[in-house]
Amino acid sequence: MNFTVLYEDNHLIAVKKLTGEIVQSDKTGDVTLADNVKSYIKKKYNKPGDVFLGIIHRLDRPVGGVIIFARTSKSLSRMNALFREKKIKKQYWAIVEEKPPLEGGELVNWLKKNQEKNKSRAYEMEVKESKKAILTYQLIGRSKNYFYLKIDPMTGRHHQIRVQLSFMGCRIKGDVKYGAKRTNKDGGIHLFARSISFIHPIKKEELTITANPPVDPLWNEFLNLSS
């Protein structure tokens, strides 16, 4: 098993996605995280036949962190409703190449997706076929060459955090697609889905699921600053 289970009950399962993994199938044909989670459930519970696993949300391939799957159609529909109603709070950590203009604030842009290039572009004003994107950020600290940000997205647009930070002039370490100076050795980027908080759709209990970032000197320092 190449993932860590962070939370599990009869309705939901949350795991820590590694950088480089894909959540669901794409043109590469690579084995997906969803496939691996299905195999884990099938083996653990000795389930005959196909295992139901609903994909609630996604993370970009070069991004790691918390991701939740639904184990029943009922929990899938209710979690989808929570996302639609913006009742799910997600926090990301990002390590960027430049210091933001302010130590904290809100970014509001209009994003337009280029399907062919799998890339989005940010605008200050609405343009045709663009979608409004909102996030807040906070500067937590810095290393010799990089700056540490906590990000709370208010919307869930394609590559939203990556493109909005780049548009602000704060390119994420390793994210050459959006202007970073160089790639990371593992092919990932220094953006991590740190936590997700919501009311459990069946149990009606408050739930916060958190994952620690990969072990490397920059993430380790970020972790120490936040503890």
# chains A, B, ... in the order shown; residues from 1 in each chain; ligands from 1
$ residues_around --residues "A:Ser39" --least-positions-apart "2" --cutoff "12 Å" --atoms "only C-alpha atoms" --output "list in words"
Met1, Asn2, Phe3, Val31, Thr32, Leu33, Ala34, Asp35, Asn36, Val37, Ile41, Lys42, Lys43, Lys44, Tyr45, Asn46, Lys47, Pro48, Gly49, Asp50, Val51, Phe52 and Leu53 of chain A
$ write_last_selection --atoms "C-alpha atoms" --output "PDB file, in the first residue's frame"
ATOM      1  CA  MET A   1       0.000   0.000   0.000  1.00  0.00           C
ATOM      2  CA  ASN A   2       1.622   3.255  -1.116  1.00  0.00           C
ATOM      3  CA  PHE A   3      -0.701   5.590   0.759  1.00  0.00           C
ATOM      4  CA  VAL A  31      -2.684   3.106 -11.931  1.00  0.00           C
ATOM      5  CA  THR A  32      -4.778   5.568  -9.940  1.00  0.00           C
ATOM      6  CA  LEU A  33      -5.028   6.330  -6.252  1.00  0.00           C
ATOM      7  CA  ALA A  34      -8.724   5.413  -6.443  1.00  0.00           C
ATOM      8  CA  ASP A  35      -7.773   1.962  -7.801  1.00  0.00           C
ATOM      9  CA  ASN A  36      -5.332   1.444  -4.926  1.00  0.00           C
ATOM     10  CA  VAL A  37      -7.881   2.511  -2.311  1.00  0.00           C
ATOM     11  CA  ILE A  41     -10.916  -1.900   0.958  1.00  0.00           C
ATOM     12  CA  LYS A  42     -11.534  -5.133  -0.961  1.00  0.00           C
ATOM     13  CA  LYS A  43      -8.677  -6.883   0.814  1.00  0.00           C
ATOM     14  CA  LYS A  44      -9.272  -5.467   4.306  1.00  0.00           C
ATOM     15  CA  TYR A  45     -12.987  -6.284   4.369  1.00  0.00           C
ATOM     16  CA  ASN A  46     -12.815  -9.366   2.145  1.00  0.00           C
ATOM     17  CA  LYS A  47     -15.422  -7.894  -0.185  1.00  0.00           C
ATOM     18  CA  PRO A  48     -16.608  -9.981  -3.153  1.00  0.00           C
ATOM     19  CA  GLY A  49     -17.153  -8.309  -6.514  1.00  0.00           C
ATOM     20  CA  ASP A  50     -16.619  -4.640  -7.279  1.00  0.00           C
ATOM     21  CA  VAL A  51     -15.982  -2.157  -4.482  1.00  0.00           C
ATOM     22  CA  PHE A  52     -17.885   1.146  -4.576  1.00  0.00           C
ATOM     23  CA  LEU A  53     -15.649   4.194  -4.226  1.00  0.00           C
TER      24      LEU A  53
END
$ residues_around --residues "A:Phe192" --least-positions-apart "5" --cutoff "12 Å" --atoms "only C-alpha atoms" --output "count of residues only"
36
$ atom_distance --atom1 "atom CA of A:Lys99" --atom2 "atom CA of A:Gly20"
26.7 Å
$ residues_around --residues "A:Arg182" --least-positions-apart "6" --cutoff "12 Å" --atoms "only C-alpha atoms" --output "JSON, numbers by chain"
{"A": [97, 171, 172, 173, 174, 175, 176, 188, 189, 190]}
$ write_last_selection --atoms "N, CA and C atoms" --output "mmCIF file, in the first residue's frame"
data_model
loop_
_atom_site.group_PDB
_atom_site.id
_atom_site.type_symbol
_atom_site.label_atom_id
_atom_site.label_comp_id
_atom_site.auth_asym_id
_atom_site.auth_seq_id
_atom_site.Cartn_x
_atom_site.Cartn_y
_atom_site.Cartn_z
ATOM 1 N N GLU A 97 8.595 31.225 -4.271
ATOM 2 C CA GLU A 97 9.929 31.762 -4.571
ATOM 3 C C GLU A 97 10.075 33.234 -4.202
ATOM 4 N N ARG A 171 5.499 32.519 -7.338
ATOM 5 C CA ARG A 171 5.458 31.200 -7.979
ATOM 6 C C ARG A 171 5.820 30.098 -6.993
ATOM 7 N N ILE A 172 5.069 29.000 -7.041
ATOM 8 C CA ILE A 172 5.296 27.876 -6.132
ATOM 9 C C ILE A 172 6.563 27.135 -6.546
ATOM 10 N N LYS A 173 7.375 26.791 -5.563
ATOM 11 C CA LYS A 173 8.628 26.069 -5.830
ATOM 12 C C LYS A 173 8.346 24.792 -6.627
ATOM 13 N N GLY A 174 9.053 24.638 -7.745
ATOM 14 C CA GLY A 174 8.919 23.448 -8.578
ATOM 15 C C GLY A 174 7.844 23.531 -9.645
ATOM 16 N N ASP A 175 6.985 24.556 -9.592
ATOM 17 C CA ASP A 175 5.842 24.614 -10.512
ATOM 18 C C ASP A 175 6.228 25.370 -11.791
ATOM 19 N N VAL A 176 7.023 24.718 -12.643
ATOM 20 C CA VAL A 176 7.509 25.377 -13.870
ATOM 21 C C VAL A 176 6.355 25.710 -14.823
ATOM 22 N N GLY A 188 7.271 16.805 -8.321
ATOM 23 C CA GLY A 188 6.146 17.437 -7.647
ATOM 24 C C GLY A 188 6.355 18.929 -7.500
ATOM 25 N N ILE A 189 5.440 19.578 -6.827
ATOM 26 C CA ILE A 189 5.584 21.000 -6.509
ATOM 27 C C ILE A 189 5.361 21.175 -5.003
ATOM 28 N N HIS A 190 5.822 22.291 -4.462
ATOM 29 C CA HIS A 190 5.695 22.524 -3.028
ATOM 30 C C HIS A 190 4.343 23.170 -2.693
#
$ atom_distance --atom1 "atom CA of A:Val5" --atom2 "atom CA of A:Phe69"
11.2 Å
$ select_by_dssp --residues "chain A" --states "helix (DSSP H, G or I)" --output "JSON list (two decimals) with C-alpha atoms, in the first residue's frame"
[["chain", "number", "residue", "atom", "x", "y", "z"],
["A", 33, "LEU", "CA", -5.03, 6.33, -6.25],
["A", 34, "ALA", "CA", -8.72, 5.41, -6.44],
["A", 35, "ASP", "CA", -7.77, 1.96, -7.80],
["A", 36, "ASN", "CA", -5.33, 1.44, -4.93],
["A", 37, "VAL", "CA", -7.88, 2.51, -2.31],
["A", 38, "LYS", "CA", -10.45, 0.13, -3.82],
["A", 39, "SER", "CA", -7.93, -2.72, -3.60],
["A", 40, "TYR", "CA", -7.20, -1.83, 0.03],
["A", 41, "ILE", "CA", -10.92, -1.90, 0.96],
["A", 42, "LYS", "CA", -11.53, -5.13, -0.96],
["A", 43, "LYS", "CA", -8.68, -6.88, 0.81],
["A", 44, "LYS", "CA", -9.27, -5.47, 4.31],
["A", 73, "SER", "CA", -23.54, 6.44, -2.83],
["A", 74, "LYS", "CA", -25.39, 8.14, 0.03],
["A", 75, "SER", "CA", -22.22, 9.66, 1.48],
["A", 76, "LEU", "CA", -21.05, 10.62, -2.02],
["A", 77, "SER", "CA", -24.20, 12.61, -2.78],
["A", 78, "ARG", "CA", -24.14, 14.31, 0.62],
["A", 79, "MET", "CA", -20.44, 15.22, 0.38],
["A", 80, "ASN", "CA", -21.01, 16.58, -3.13],
["A", 81, "ALA", "CA", -23.76, 18.76, -1.67],
["A", 82, "LEU", "CA", -21.42, 20.05, 1.06],
["A", 83, "PHE", "CA", -18.88, 21.04, -1.60],
["A", 84, "ARG", "CA", -21.55, 22.76, -3.70],
["A", 160, "GLN", "CA", -6.56, 27.86, -8.75],
["A", 161, "ILE", "CA", -3.89, 28.24, -6.07],
["A", 162, "ARG", "CA", -1.06, 27.70, -8.52],
["A", 163, "VAL", "CA", -2.24, 30.30, -11.03],
["A", 164, "GLN", "CA", -3.42, 32.89, -8.50],
["A", 165, "LEU", "CA", -0.15, 32.83, -6.56],
["A", 166, "SER", "CA", 1.83, 33.03, -9.81],
["A", 167, "PHE", "CA", -0.31, 35.97, -10.95],
["A", 168, "MET", "CA", 0.51, 37.71, -7.63],
["A", 176, "VAL", "CA", 7.51, 25.38, -13.87],
["A", 177, "LYS", "CA", 4.09, 25.29, -15.58],
["A", 178, "TYR", "CA", 3.35, 28.56, -13.80],
["A", 217, "PRO", "CA", 14.17, 20.42, 4.98],
["A", 218, "LEU", "CA", 11.76, 23.10, 3.72],
["A", 219, "TRP", "CA", 8.58, 21.25, 4.71],
["A", 220, "ASN", "CA", 10.16, 20.31, 8.05],
["A", 221, "GLU", "CA", 10.81, 23.98, 8.82],
["A", 222, "PHE", "CA", 7.25, 24.92, 7.79],
["A", 223, "LEU", "CA", 5.94, 22.20, 10.12],
["A", 224, "ASN", "CA", 8.03, 23.52, 13.01],
["A", 225, "LEU", "CA", 6.78, 27.07, 12.42],
["A", 226, "SER", "CA", 3.16, 25.88, 12.48]]
$ atom_distance --atom1 "atom CA of A:Gly141" --atom2 "atom CA of A:Arg194"
16.5 Å
$ select_by_dssp --residues "chain A" --states "strand (DSSP E or B)" --output "VMD selection string"
chain A and resid 4 to 8 12 to 17 54 to 55 64 to 70 89 to 96 104 to 114 119 to 123 131 to 142 147 to 153 172 191 to 199 206 to 210
$ closest_residue --among "A:Ile22, A:Ala193, A:Leu12, A:Cys170" --to "A:Phe147" --atoms "only C-alpha atoms"
A:Cys170
